[in-house]
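A.B. asks: Below you'll find my_file_31.cif; it's mmCIF, C-alpha atoms and all ligand atoms.
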data_data
#
loop_
_atom_site.label_atom_id
_atom_site.label_comp_id
_atom_site.auth_asym_id
_atom_site.auth_seq_id
_atom_site.Cartn_x
_atom_site.Cartn_y
_atom_site.Cartn_z
CA MET A 1 140.22 115.64 91.24
CA SER A 2 137.55 115.98 88.55
CA LEU A 3 136.28 112.65 87.18
CA LYS A 4 135.09 114.16 83.88
CA HIS A 5 137.80 112.28 81.97
CA LEU A 6 135.98 109.00 82.78
CA PHE A 7 132.81 110.18 80.98
CA PRO A 8 132.99 110.37 77.17
CA ALA A 9 130.11 112.87 77.06
CA LEU A 10 132.01 115.28 79.30
CA GLU A 11 135.72 114.62 78.78
CA ARG A 12 136.08 116.95 75.81
CA GLY A 13 134.56 119.83 77.75
CA GLY A 14 132.03 122.04 76.04
CA VAL A 15 129.24 121.51 78.56
CA HIS A 16 128.76 122.22 82.24
CA TYR A 17 126.31 119.44 82.90
CA LEU A 18 124.18 120.37 85.91
CA ASP A 19 121.18 118.12 85.26
CA SER A 20 122.20 114.82 86.84
CA ALA A 21 118.95 114.59 88.83
CA ALA A 22 117.17 114.14 85.47
CA THR A 23 119.71 111.60 84.25
CA SER A 24 123.40 111.13 84.90
CA MET A 25 126.06 110.63 82.25
CA ARG A 26 127.61 107.17 81.88
CA PRO A 27 131.29 106.36 82.45
CA GLU A 28 133.45 104.44 79.98
CA SER A 29 133.40 101.34 82.27
CA VAL A 30 129.58 101.10 82.02
CA LEU A 31 129.59 101.66 78.25
CA ARG A 32 132.32 99.04 77.80
CA ALA A 33 130.54 96.44 79.96
CA MET A 34 127.37 96.78 77.85
CA ASP A 35 129.34 96.81 74.59
CA ASP A 36 131.20 93.61 75.58
CA TYR A 37 127.94 91.91 76.55
CA TYR A 38 126.23 92.72 73.23
CA ARG A 39 129.34 91.94 71.20
CA TYR A 40 130.21 88.58 72.69
CA ASP A 41 127.60 87.11 75.04
CA SER A 42 124.17 88.29 74.01
CA ALA A 43 122.26 85.06 73.50
CA ASN A 44 118.89 84.82 75.24
CA PRO A 45 119.45 84.17 78.98
CA HIS A 46 117.63 81.42 80.91
CA ARG A 47 116.83 79.55 77.70
CA GLY A 48 119.76 77.98 75.85
CA LEU A 49 121.94 75.09 77.01
CA TYR A 50 124.87 76.19 74.85
CA ASP A 51 127.81 78.22 76.16
CA MET A 52 126.80 81.64 74.89
CA SER A 53 123.36 81.45 76.48
CA GLN A 54 124.89 80.19 79.71
CA ARG A 55 127.24 83.18 79.72
CA SER A 56 124.29 85.47 79.14
CA THR A 57 122.40 83.82 82.04
CA ALA A 58 125.45 84.26 84.28
CA ALA A 59 125.72 87.92 83.25
CA TYR A 60 122.03 88.60 83.98
CA ASP A 61 121.80 86.70 87.26
CA GLY A 62 125.22 87.97 88.37
CA SER A 63 124.13 91.57 87.70
CA ARG A 64 121.08 91.06 89.89
CA SER A 65 123.27 89.83 92.77
CA VAL A 66 125.46 92.94 92.45
CA VAL A 67 122.46 95.30 92.43
CA ALA A 68 120.75 93.46 95.32
CA LYS A 69 123.88 93.58 97.53
CA PHE A 70 124.27 97.29 96.73
CA ILE A 71 120.97 98.05 98.52
CA GLY A 72 121.27 95.36 101.21
CA ALA A 73 118.64 93.06 99.66
CA LEU A 74 118.50 89.42 98.56
CA PRO A 75 118.57 88.66 94.81
CA GLU A 76 115.05 87.15 95.09
CA GLU A 77 113.82 90.45 96.54
CA THR A 78 115.29 92.48 93.68
CA ILE A 79 113.13 92.65 90.56
CA PHE A 80 114.47 94.23 87.38
CA VAL A 81 112.00 96.71 85.89
CA ARG A 82 112.30 99.50 83.32
CA ASN A 83 112.62 102.35 85.81
CA THR A 84 111.41 103.80 89.11
CA SER A 85 108.01 104.57 87.57
CA GLU A 86 107.47 100.95 86.58
CA ALA A 87 108.56 99.72 90.01
CA LEU A 88 105.98 101.99 91.67
CA ASN A 89 103.32 100.84 89.20
CA LEU A 90 104.10 97.23 90.01
CA ILE A 91 103.36 97.95 93.69
CA ALA A 92 100.19 99.86 92.80
CA TYR A 93 98.88 97.07 90.55
CA CYS A 94 100.02 93.95 92.41
CA PHE A 95 100.16 94.92 96.10
CA ALA A 96 97.90 97.91 96.79
CA PRO A 97 94.56 96.27 95.84
CA SER A 98 95.16 93.53 98.42
CA VAL A 99 95.38 96.00 101.33
CA LEU A 100 93.43 99.07 100.19
CA GLY A 101 89.63 99.23 100.34
CA GLU A 102 86.84 101.78 100.42
CA GLY A 103 87.46 104.45 103.07
CA ASP A 104 91.14 103.55 103.50
CA ASN A 105 93.90 105.98 102.58
CA VAL A 106 97.37 106.28 101.05
CA VAL A 107 99.62 109.02 102.46
CA ILE A 108 102.38 110.79 100.50
CA PRO A 109 104.35 114.03 101.02
CA ILE A 110 103.48 116.92 98.68
CA THR A 111 107.11 116.95 97.48
CA GLU A 112 106.76 113.76 95.41
CA HIS A 113 107.59 113.17 91.76
CA HIS A 114 104.55 112.40 89.58
CA SER A 115 105.53 108.73 89.42
CA ASN A 116 104.89 108.56 93.17
CA ILE A 117 101.62 110.56 92.86
CA VAL A 118 99.77 109.51 89.74
CA THR A 119 100.19 105.80 90.53
CA TRP A 120 98.47 106.31 93.91
CA GLN A 121 95.77 108.52 92.38
CA TYR A 122 95.03 105.62 90.04
CA VAL A 123 94.81 102.93 92.68
CA CYS A 124 92.96 105.13 95.22
CA LYS A 125 90.26 105.94 92.64
CA LYS A 126 89.97 102.28 91.71
CA GLN A 127 89.71 101.11 95.33
CA LEU A 128 87.52 104.07 96.46
CA ALA A 129 90.27 105.12 98.85
CA GLU A 130 91.59 108.58 99.72
CA LEU A 131 94.96 110.03 98.70
CA ARG A 132 96.27 112.24 101.53
CA TYR A 133 99.17 114.68 101.39
CA LEU A 134 101.69 115.62 104.06
CA TYR A 135 102.30 119.32 103.44
CA ILE A 136 105.69 120.94 104.02
CA ASP A 137 106.40 124.25 105.69
CA ARG A 138 106.67 126.67 102.75
CA GLU A 139 109.70 128.45 104.22
CA THR A 140 111.76 125.53 105.43
CA GLY A 141 110.64 122.67 103.21
CA ALA A 142 110.28 120.40 106.27
CA ILE A 143 107.16 118.36 107.15
CA PRO A 144 105.80 119.81 110.44
CA ASP A 145 105.15 117.26 113.22
CA GLY A 146 101.39 117.93 113.15
CA GLU A 147 101.13 116.55 109.60
CA PHE A 148 102.04 113.06 110.77
CA SER A 149 98.63 112.65 112.43
CA LYS A 150 97.24 112.20 108.90
CA ILE A 151 98.74 108.70 109.07
CA ASP A 152 95.89 106.99 110.93
CA GLY A 153 94.10 103.70 111.46
CA ARG A 154 92.78 103.72 107.86
CA THR A 155 96.23 104.30 106.31
CA LYS A 156 97.37 101.27 104.36
CA ILE A 157 100.34 102.65 102.42
CA VAL A 158 102.79 105.47 103.15
CA ALA A 159 104.92 106.29 100.09
CA PHE A 160 107.73 108.86 100.00
CA ALA A 161 110.97 109.77 98.28
CA HIS A 162 114.18 109.33 100.25
CA VAL A 163 115.56 112.48 98.59
CA THR A 164 113.11 114.76 96.74
CA ASN A 165 113.81 115.77 93.15
CA VAL A 166 112.80 119.46 93.15
CA LEU A 167 114.25 120.62 96.47
CA GLY A 168 116.91 117.95 97.00
CA SER A 169 115.54 117.63 100.54
CA VAL A 170 115.97 114.43 102.54
CA ASN A 171 112.65 113.15 103.85
CA PRO A 172 112.44 112.05 107.52
CA VAL A 173 112.35 108.35 106.61
CA GLU A 174 112.71 107.13 110.18
CA LYS A 175 109.68 109.15 111.33
CA LEU A 176 107.60 108.17 108.30
CA VAL A 177 108.40 104.48 108.76
CA ALA A 178 107.69 104.63 112.51
CA ALA A 179 104.33 106.37 111.93
CA ALA A 180 103.38 103.82 109.24
CA LYS A 181 104.44 100.83 111.37
CA LYS A 182 102.41 102.12 114.32
CA VAL A 183 99.21 101.77 112.27
CA GLY A 184 100.29 98.66 110.33
CA ALA A 185 100.66 100.48 106.98
CA ALA A 186 103.13 99.35 104.30
CA THR A 187 105.98 101.71 103.34
CA VAL A 188 107.24 102.50 99.84
CA CYS A 189 110.48 104.46 99.48
CA ASP A 190 111.48 106.04 96.18
CA ILE A 191 115.29 105.97 96.36
CA ALA A 192 115.87 107.25 92.79
CA GLN A 193 117.48 110.49 94.01
CA SER A 194 119.35 109.04 96.99
CA VAL A 195 121.31 106.04 95.63
CA PRO A 196 123.49 108.22 93.36
CA HIS A 197 124.68 110.20 96.40
CA MET A 198 124.54 108.14 99.59
CA PRO A 199 124.62 104.50 100.68
CA VAL A 200 121.13 103.02 100.93
CA ASP A 201 120.37 99.86 102.87
CA VAL A 202 116.73 98.95 102.48
CA ARG A 203 116.71 96.90 105.69
CA ALA A 204 118.26 99.70 107.70
CA LEU A 205 115.61 102.05 106.28
CA GLY A 206 113.02 99.50 107.41
CA VAL A 207 110.82 99.95 104.34
CA ASP A 208 108.66 97.31 102.68
CA PHE A 209 109.35 98.42 99.10
CA ALA A 210 111.96 100.59 97.38
CA ALA A 211 112.32 101.74 93.77
CA PHE A 212 115.17 103.21 91.72
CA SER A 213 116.49 103.72 88.17
CA ALA A 214 119.94 102.85 86.81
CA HIS A 215 120.05 105.93 84.57
CA LYS A 216 120.25 108.34 87.52
CA MET A 217 123.25 106.49 89.00
CA TYR A 218 125.59 106.33 85.98
CA GLY A 219 123.91 103.28 84.43
CA PRO A 220 121.84 102.91 81.27
CA MET A 221 118.28 104.06 80.62
CA GLY A 222 115.57 101.42 80.43
CA ILE A 223 116.42 99.46 83.57
CA GLY A 224 115.75 99.94 87.26
CA ALA A 225 114.93 97.82 90.26
CA LEU A 226 112.13 97.18 92.67
CA TYR A 227 112.97 95.91 96.14
CA GLY A 228 110.18 94.20 98.04
CA ARG A 229 110.19 92.26 101.29
CA LEU A 230 110.25 88.57 100.43
CA GLU A 231 106.94 87.65 102.14
CA LEU A 232 105.15 90.51 100.39
CA LEU A 233 106.52 89.70 96.93
CA GLU A 234 105.72 86.02 97.42
CA ALA A 235 102.09 86.81 98.21
CA MET A 236 101.65 89.18 95.25
CA PRO A 237 100.27 88.13 91.85
CA PRO A 238 102.48 88.62 88.75
CA PHE A 239 102.56 92.01 87.03
CA MET A 240 102.99 90.91 83.40
CA TYR A 241 102.32 87.49 81.90
CA GLY A 242 104.35 85.52 79.34
CA GLY A 243 107.55 83.57 78.86
CA ASP A 244 110.16 82.96 81.57
CA MET A 245 107.82 83.84 84.45
CA ILE A 246 106.27 80.37 84.57
CA GLU A 247 107.02 77.03 86.20
CA ASP A 248 104.43 74.98 84.31
CA VAL A 249 101.67 75.84 81.84
CA ARG A 250 98.61 73.69 81.06
CA GLU A 251 95.83 74.63 78.65
CA GLN A 252 93.85 76.53 81.27
CA GLU A 253 96.19 76.98 84.24
CA THR A 254 99.72 78.14 84.98
CA ASP A 255 102.07 77.71 87.92
CA PHE A 256 104.26 80.77 88.17
CA ALA A 257 108.03 80.75 88.58
CA PRO A 258 109.53 81.51 91.99
CA LEU A 259 110.95 84.95 92.74
CA PRO A 260 112.33 86.99 91.10
CA SER A 261 111.30 85.46 87.73
CA LYS A 262 107.58 85.66 88.60
CA PHE A 263 107.79 89.41 87.96
CA GLU A 264 109.97 89.33 84.84
CA ALA A 265 107.91 88.23 81.83
CA GLY A 266 109.60 87.84 78.46
CA THR A 267 113.16 88.50 77.33
CA GLN A 268 114.64 91.01 79.72
CA ASN A 269 116.99 93.96 79.32
CA CYS A 270 120.08 91.86 79.92
CA GLY A 271 122.54 94.37 78.44
CA GLY A 272 120.94 97.00 80.69
CA ALA A 273 121.34 94.75 83.73
CA VAL A 274 125.04 94.35 82.89
CA GLY A 275 125.36 98.15 82.64
CA PHE A 276 123.43 98.55 85.91
CA ALA A 277 125.88 96.26 87.73
CA ALA A 278 128.82 98.09 86.13
CA ALA A 279 127.35 101.38 87.44
CA VAL A 280 127.18 99.91 90.95
CA LYS A 281 130.83 98.87 90.65
CA PHE A 282 131.72 102.37 89.42
CA ILE A 283 130.05 103.98 92.46
CA GLU A 284 131.74 101.49 94.79
CA GLU A 285 135.14 102.17 93.24
CA VAL A 286 134.80 105.95 93.57
CA GLY A 287 133.28 105.45 97.05
CA TYR A 288 130.36 107.23 98.66
CA GLY A 289 132.78 109.03 100.98
CA ALA A 290 134.49 110.76 98.06
CA ILE A 291 131.19 111.35 96.25
CA ALA A 292 129.56 112.96 99.30
CA ALA A 293 132.60 115.12 100.12
CA ASN A 294 132.80 116.50 96.57
CA GLU A 295 129.06 117.07 96.22
CA ALA A 296 128.66 118.67 99.66
CA ALA A 297 131.48 121.15 98.98
CA LEU A 298 130.04 122.02 95.56
CA LEU A 299 126.52 122.35 96.92
CA ARG A 300 127.77 124.75 99.59
CA LYS A 301 129.60 126.82 96.96
CA LEU A 302 126.51 126.79 94.77
CA THR A 303 123.96 127.75 97.44
CA GLU A 304 126.21 130.44 98.94
CA GLY A 305 126.86 131.83 95.46
CA LEU A 306 123.18 131.84 94.46
CA ARG A 307 122.22 133.70 97.65
CA LYS A 308 124.60 136.53 96.69
CA ILE A 309 123.13 137.14 93.22
CA PRO A 310 120.54 139.96 93.19
CA GLY A 311 117.14 138.78 91.99
CA VAL A 312 117.88 135.09 92.61
CA THR A 313 116.02 133.14 95.32
CA ILE A 314 116.45 129.51 96.31
CA ALA A 315 113.13 127.70 96.85
CA CYS A 316 112.41 126.76 100.51
CA ASP A 317 115.78 128.07 101.65
CA ALA A 318 115.16 128.54 105.37
CA GLY A 319 117.38 125.51 105.79
CA ALA A 320 115.46 123.21 108.12
CA TYR A 321 116.30 120.17 106.02
CA GLU A 322 119.38 118.43 104.81
CA ARG A 323 119.81 119.11 101.09
CA HIS A 324 121.45 116.74 98.62
CA ALA A 325 122.93 117.48 95.23
CA ALA A 326 120.07 119.60 93.84
CA VAL A 327 118.92 123.21 94.24
CA SER A 328 115.82 124.80 92.74
CA PHE A 329 115.93 128.56 92.32
CA LEU A 330 113.93 131.43 90.87
CA VAL A 331 115.13 134.47 88.95
CA ASP A 332 112.85 137.43 89.61
CA GLY A 333 110.46 138.12 86.72
CA VAL A 334 112.12 135.61 84.37
CA HIS A 335 110.53 132.36 83.25
CA PRO A 336 112.84 129.40 84.01
CA HIS A 337 112.69 128.39 80.34
CA ASP A 338 114.33 131.74 79.50
CA VAL A 339 116.85 131.24 82.31
CA SER A 340 117.81 127.83 80.96
CA THR A 341 117.95 128.98 77.33
CA ILE A 342 120.21 131.91 78.23
CA LEU A 343 122.45 129.65 80.34
CA ASN A 344 122.65 127.23 77.43
CA ASP A 345 124.41 129.99 75.46
CA SER A 346 127.19 129.67 78.06
CA ASP A 347 127.17 125.86 77.64
CA ILE A 348 125.44 125.33 80.97
CA ALA A 349 122.86 122.55 81.11
CA VAL A 350 120.26 123.01 83.86
CA ARG A 351 116.70 121.77 84.08
CA ALA A 352 113.91 124.31 83.88
CA GLY A 353 110.22 123.67 84.30
CA LYS A 354 107.89 121.69 86.49
CA HIS A 355 110.17 118.74 87.25
CA CYS A 356 107.26 116.24 87.19
CA ALA A 357 106.03 117.81 90.43
CA HIS A 358 103.02 119.99 89.56
CA PRO A 359 101.29 119.60 92.96
CA LEU A 360 104.41 120.81 94.81
CA LEU A 361 104.86 123.88 92.59
CA ASP A 362 101.17 124.74 92.97
CA TYR A 363 101.35 124.30 96.75
CA LEU A 364 104.44 126.55 96.97
CA GLU A 365 102.72 129.08 94.64
CA ILE A 366 105.91 129.31 92.60
CA PRO A 367 105.73 132.03 89.88
CA PHE A 368 105.35 130.56 86.37
CA ARG A 369 104.66 127.22 88.13
CA SER A 370 108.32 126.43 87.31
CA THR A 371 111.81 126.57 88.75
CA THR A 372 115.33 126.29 87.44
CA ARG A 373 117.17 123.37 89.00
CA ALA A 374 120.92 122.76 89.14
CA SER A 375 121.88 119.27 90.20
CA LEU A 376 125.20 117.56 90.75
CA GLY A 377 126.86 114.27 89.89
CA VAL A 378 130.11 112.52 90.63
CA TYR A 379 131.82 114.41 87.77
CA SER A 380 130.66 117.90 88.83
CA ASP A 381 133.49 120.26 89.70
CA ALA A 382 134.14 123.83 90.81
CA ASP A 383 134.40 124.99 87.16
CA ASP A 384 130.76 123.99 86.60
CA ILE A 385 129.61 125.98 89.61
CA ASP A 386 131.77 129.00 88.72
CA ALA A 387 130.36 128.97 85.18
CA LEU A 388 126.78 128.99 86.49
CA LEU A 389 127.40 131.69 89.09
CA GLU A 390 129.14 133.86 86.50
CA ALA A 391 126.44 133.46 83.84
CA LEU A 392 123.37 133.88 86.07
CA PRO A 393 123.70 137.63 86.77
CA LYS A 394 123.51 138.19 82.99
CA VAL A 395 120.08 136.60 82.77
CA ARG A 396 118.06 139.49 84.18
CA ARG A 397 120.13 142.00 82.19
CA ILE A 398 119.46 140.13 78.95
CA MET A 399 115.75 140.03 79.83
CA GLY A 400 115.74 143.81 80.16
CA TYR A 401 115.93 144.29 83.93
CA GLY A 402 118.45 146.82 85.32
CA ASP A 403 120.84 145.88 88.13
C1 LIG Z 1 112.34 111.18 92.96
C2 LIG Z 1 112.04 110.58 91.62
N1 LIG Z 1 111.20 109.54 91.52
C3 LIG Z 1 110.92 108.98 90.35
C4 LIG Z 1 111.45 109.44 89.19
C5 LIG Z 1 111.09 108.78 87.91
O1 LIG Z 1 112.19 108.07 87.42
P1 LIG Z 1 112.08 107.33 86.03
O2 LIG Z 1 111.76 108.37 85.01
O3 LIG Z 1 113.43 106.72 85.83
O4 LIG Z 1 110.99 106.32 86.16
C6 LIG Z 1 112.32 110.53 89.21
C7 LIG Z 1 112.87 111.08 87.96
O5 LIG Z 1 113.26 112.22 87.89
C8 LIG Z 1 112.63 111.12 90.46
O6 LIG Z 1 113.45 112.16 90.55
#
Please go through the file and, once you have read it, give me the structure as structure tokens.
Ligand SMILES: Cc1ncc(COP(=O)(O)O)c(C=O)c1O
C.D. replies:
Amino acid sequence: MSLKHLFPALERGGVHYLDSAATSMRPESVLRAMDDYYRYDSANPHRGLYDMSQRSTAAYDGSRSVVAKFIGALPEETIFVRNTSEALNLIAYCFAPSVLGEGDNVVIPITEHHSNIVTWQYVCKKQLAELRYLYIDRETGAIPDGEFSKIDGRTKIVAFAHVTNVLGSVNPVEKLVAAAKKVGAATVCDIAQSVPHMPVDVRALGVDFAAFSAHKMYGPMGIGALYGRLELLEAMPPFMYGGDMIEDVREQETDFAPLPSKFEAGTQNCGGAVGFAAAVKFIEEVGYGAIAANEAALLRKLTEGLRKIPGVTIACDAGAYERHAAVSFLVDGVHPHDVSTILNDSDIAVRAGKHCAHPLLDYLEIPFRSTTRASLGVYSDADDIDALLEALPKVRRIMGYGD
């Protein structure tokens, strides 16, 4: 059964929203939880001794416990940040300099989002270290075994997405973690594109750090979480300085608060945290089993349908990897911006462009350095896929190509 009726932005129809990998829509339960918090409980948490502030503290701390349990972490290991990008920056600023020196290297797959590239470019330049890429097979999208030898004795950090945002491919996390552990390198897993679709347990993944955003998993924008192993977070210096992250301040010295407060300076996004926890509860109520079954069936329908349309090619479609909830495709001779604009006339919302992944598109030598991407969410249904598959053949005709 379609869940569109639970999402105010979609319940009235009018849009086939196929851009959930960019941001998901938010269900009524998440909107209501945030509305209730701001209406009735929104005093500053961790500060007042009166009832309303205590309720706000309970809402903030309780939300953290919900989010931490969701990924198999402890509350002290779960730091609220603005988004995945900020979480990755926190690692680059507060952890990387302690392990990375001249001649060392950081290894990332070529499929990464800019937030998992530019951060490492920054810290590698600063520390005189090398940023190395694991290249994929251009046909299959998989990382060939030979690439793993780039993880060597000078590798200090291996960072990778769990699920990639352009191809929707699942990275071989087990192999990446094993290769990193063999040389004593730390692992950073960007789980922004996996948590909306599959259960993620950071301990089972065996990674040292993980990062994700609430807005891609039916929660609000402006809040996300960083997971870090307790010993690592304890040894790291703070990221930002100010109120609420201190234990004691003298004129010249400060003792910092214990985890997680050490990393959360100033008044935090408490309403966002409440919405984040409500999004977790929403996912748990629907259940990953139901989410995966719906999305897998729709993805099959979508990929099979795309393959049948003349002039349409799916990027890296030789099928050597497991794909999740997103497909990038090309329409012969047509810029993806035109594809998306024409689809918009049929009320179809897809993402077109570079998807914050310039190095991947360059490496794949994709025409126009751009793709069109359709991505799925919990509310996606067969109507959305039918609409896209029906509208796409018109694109080349409208652009002046014959059948
Ligand atoms: C795999 C991946 N990592 C990181 C990000 C960045 O997320 P945010 O913009 O919430 O920081 C995205 C966003 O599309 C993503 O898909």
A.B. asks: Which residues come within 8 Å of Leu388 in chain A, counting only C-alpha atoms, excluding same-chain residues fewer than 4 positions away, as a PyMOL selection string?
C.D. replies: chain A and resi 343+348+384+392
A.B. asks: Pick the closest to Ile342 in chain A from A:Thr267, A:Gly14, A:Gly222, A:Met399: which is it, counting all atoms listed in the file?
C.D. replies: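 Among the listed residues, A:Met399 lies closest to Ile342 in chain A.
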A.B. asks: Could you tell me how far CA of Tyr241 in chain A lies from CA of Thr254 in chain A, in Å and to one decimal?
C.D. replies: 10.2 Å
A.B. asks: Restricting the calculation to only C-alpha atoms and all ligand atoms: of A:Val30, A:Ile91, A:Val163, A:Leu128, which residue gets closest to ligand LIG 1 (chain Z)?
C.D. replies: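 Between A:Val30, A:Ile91, A:Val163, A:Leu128, the residue approaching ligand LIG 1 (chain Z) most closely is A:Val163.
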A.B. asks: Nearest to ligand LIG 1 (chain Z): which of A:Arg64, A:His197, A:Arg323, A:His162 is it, counting only C-alpha atoms and all ligand atoms?
C.D. replies: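 Closest to ligand LIG 1 (chain Z), using only C-alpha atoms and all ligand atoms: A:His162.
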A.B. asks: Nearest to ligand LIG 1 (chain Z): which of A:Leu298, A:Ala214, A:Val334, A:Val183 is it, counting only C-alpha atoms and all ligand atoms?
C.D. replies: A:Ala214
A.B. asks: Contacts between ligand LIG 1 (chain Z) and chain A, please, where a residue of chain A counts if it comes within 6 Å (with all atoms listed in the file); show its shortest atom pair and distance in Å to one decimal, rows by chain and ascending number, as JSON lines.
C.D. replies:
{"residue": "A:Ala22", "atom": "CA", "partner": "Z:LIG1", "partner_atom": "O5", "distance": 5.0}
{"residue": "A:Asn83", "atom": "CA", "partner": "Z:LIG1", "partner_atom": "O4", "distance": 4.3}
{"residue": "A:Thr84", "atom": "CA", "partner": "Z:LIG1", "partner_atom": "O4", "distance": 3.9}
{"residue": "A:Ser85", "atom": "CA", "partner": "Z:LIG1", "partner_atom": "O4", "distance": 3.7}
{"residue": "A:His113", "atom": "CA", "partner": "Z:LIG1", "partner_atom": "N1", "distance": 5.1}
{"residue": "A:Ser115", "atom": "CA", "partner": "Z:LIG1", "partner_atom": "C3", "distance": 5.5}
{"residue": "A:Ala161", "atom": "CA", "partner": "Z:LIG1", "partner_atom": "C1", "distance": 5.7}
{"residue": "A:Thr164", "atom": "CA", "partner": "Z:LIG1", "partner_atom": "C1", "distance": 5.3}
{"residue": "A:Asn165", "atom": "CA", "partner": "Z:LIG1", "partner_atom": "O6", "distance": 4.5}
{"residue": "A:Asp190", "atom": "CA", "partner": "Z:LIG1", "partner_atom": "N1", "distance": 5.8}
{"residue": "A:Ala192", "atom": "CA", "partner": "Z:LIG1", "partner_atom": "C2", "distance": 5.2}
{"residue": "A:Gln193", "atom": "CA", "partner": "Z:LIG1", "partner_atom": "C1", "distance": 5.3}
{"residue": "A:Ser213", "atom": "CA", "partner": "Z:LIG1", "partner_atom": "O3", "distance": 4.9}
A.B. asks: Against range 363-372 of chain A, which residues of range 101-127 of chain A fall within 12 Å? For each one I want the closest pair of atoms and the distance in Å (one decimal), counting only C-alpha atoms, rows by chain and increasing residue number, as JSON lines.
C.D. replies:
{"residue": "A:Pro109", "atom": "CA", "partner": "A:Tyr363", "partner_atom": "CA", "distance": 11.5}
{"residue": "A:Ile110", "atom": "CA", "partner": "A:Tyr363", "partner_atom": "CA", "distance": 7.9}
{"residue": "A:Thr111", "atom": "CA", "partner": "A:Tyr363", "partner_atom": "CA", "distance": 9.4}
{"residue": "A:Glu112", "atom": "CA", "partner": "A:Tyr363", "partner_atom": "CA", "distance": 11.9}
A.B. asks: Output C-alpha atoms of each residue in that selection to a file, as a short mmCIF file (atom, residue, chain, number, x, y, z; two decimals), keeping the file's coordinate frame.
C.D. replies:
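result-v5.cif written:
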data_model
loop_
_atom_site.label_atom_id
_atom_site.label_comp_id
_atom_site.auth_asym_id
_atom_site.auth_seq_id
_atom_site.Cartn_x
_atom_site.Cartn_y
_atom_site.Cartn_z
CA PRO A 109 104.35 114.03 101.02
CA ILE A 110 103.48 116.92 98.68
CA THR A 111 107.11 116.95 97.48
CA GLU A 112 106.76 113.76 95.41
#
A.B. asks: Could you tell me which of A:Asp317, A:Asp362, A:Asp41, A:Asp244 comes closest to Gly141 in chain A if we count only C-alpha atoms?
C.D. replies: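 The answer is A:Asp317, which sits nearest to Gly141 in chain A.
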A.B. asks: Give me, please, the distance in Å between CA of Arg132 in chain A and CA of Leu167 in chain A, quoted to one decimal.
C.D. replies: 20.5 Å
A.B. asks: What is the distance between CA of Ser53 in chain A and CA of Phe276 in chain A, in Å to one decimal?
C.D. replies: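 CA of Phe276 in chain A lies at a distance of 19.5 Å from CA of Ser53 in chain A.
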A.B. asks: When distances are computed from all atoms listed in the file, which of A:His5, A:Arg154, A:Lys394, A:Arg373 shows the smallest separation from Ile309 in chain A?
C.D. replies: A:Lys394
A.B. asks: Could you tell me, as a list of chain:residue names, which residues have any atom at most 8 Å from (116.2, 100.6, 79.5), counting all atoms listed in the file?
C.D. replies: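 Collected hits near the coordinates: A:Arg82, A:Asn83, A:Pro220, A:Met221, A:Gly222, A:Ile223, A:Gly224, A:Asn269, A:Gly272.
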A.B. asks: Which residues come within 10 Å of Leu306 in chain A, counting only C-alpha atoms, excluding same-chain residues fewer than 2 positions away, as a list in words?
C.D. replies: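 Selected residues are Arg300, Lys301, Leu302, Thr303, Glu304, Lys308, Ile309, Pro310, Gly311, Val312, Thr313, Ile314, Val327, Phe329, Leu330, Ile385, Leu388, Leu389, Leu392 and Pro393 of chain A.
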A.B. asks: Contacts of Gly103 in chain A at 10 Å or less, counting all atoms listed in the file, minus same-chain residues fewer than 5 places along, as a VMD selection string?
C.D. replies: chain A and resid 124 127 to 130 154 to 155
A.B. asks: Using all atoms listed in the file, which residues sit within 12 Å of Pro144 in chain A once same-chain residues fewer than 5 positions away are excluded, as a list in words?
C.D. replies: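 Residues near the query, excluding close chain neighbours: Pro109, Leu134, Tyr135, Ile136, Asp137, Arg138, Glu139, Ser149, Lys150, Asn171, Pro172, Lys175, Leu176, Ala320 and Tyr321 of chain A.
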A.B. asks: Output C-alpha atoms for every residue in that selection, as a PDB file, keeping the file's coordinate frame.
C.D. replies:
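Wrote result_23.pdb, looks like this:
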ATOM      1  CA  PRO A 109     104.350 114.030 101.020  1.00  0.00           C
ATOM      2  CA  LEU A 134     101.690 115.620 104.060  1.00  0.00           C
ATOM      3  CA  TYR A 135     102.300 119.320 103.440  1.00  0.00           C
ATOM      4  CA  ILE A 136     105.690 120.940 104.020  1.00  0.00           C
ATOM      5  CA  ASP A 137     106.400 124.250 105.690  1.00  0.00           C
ATOM      6  CA  ARG A 138     106.670 126.670 102.750  1.00  0.00           C
ATOM      7  CA  GLU A 139     109.700 128.450 104.220  1.00  0.00           C
ATOM      8  CA  SER A 149      98.630 112.650 112.430  1.00  0.00           C
ATOM      9  CA  LYS A 150      97.240 112.200 108.900  1.00  0.00           C
ATOM     10  CA  ASN A 171     112.650 113.150 103.850  1.00  0.00           C
ATOM     11  CA  PRO A 172     112.440 112.050 107.520  1.00  0.00           C
ATOM     12  CA  LYS A 175     109.680 109.150 111.330  1.00  0.00           C
ATOM     13  CA  LEU A 176     107.600 108.170 108.300  1.00  0.00           C
ATOM     14  CA  ALA A 320     115.460 123.210 108.120  1.00  0.00           C
ATOM     15  CA  TYR A 321     116.300 120.170 106.020  1.00  0.00           C
TER      16      TYR A 321
END
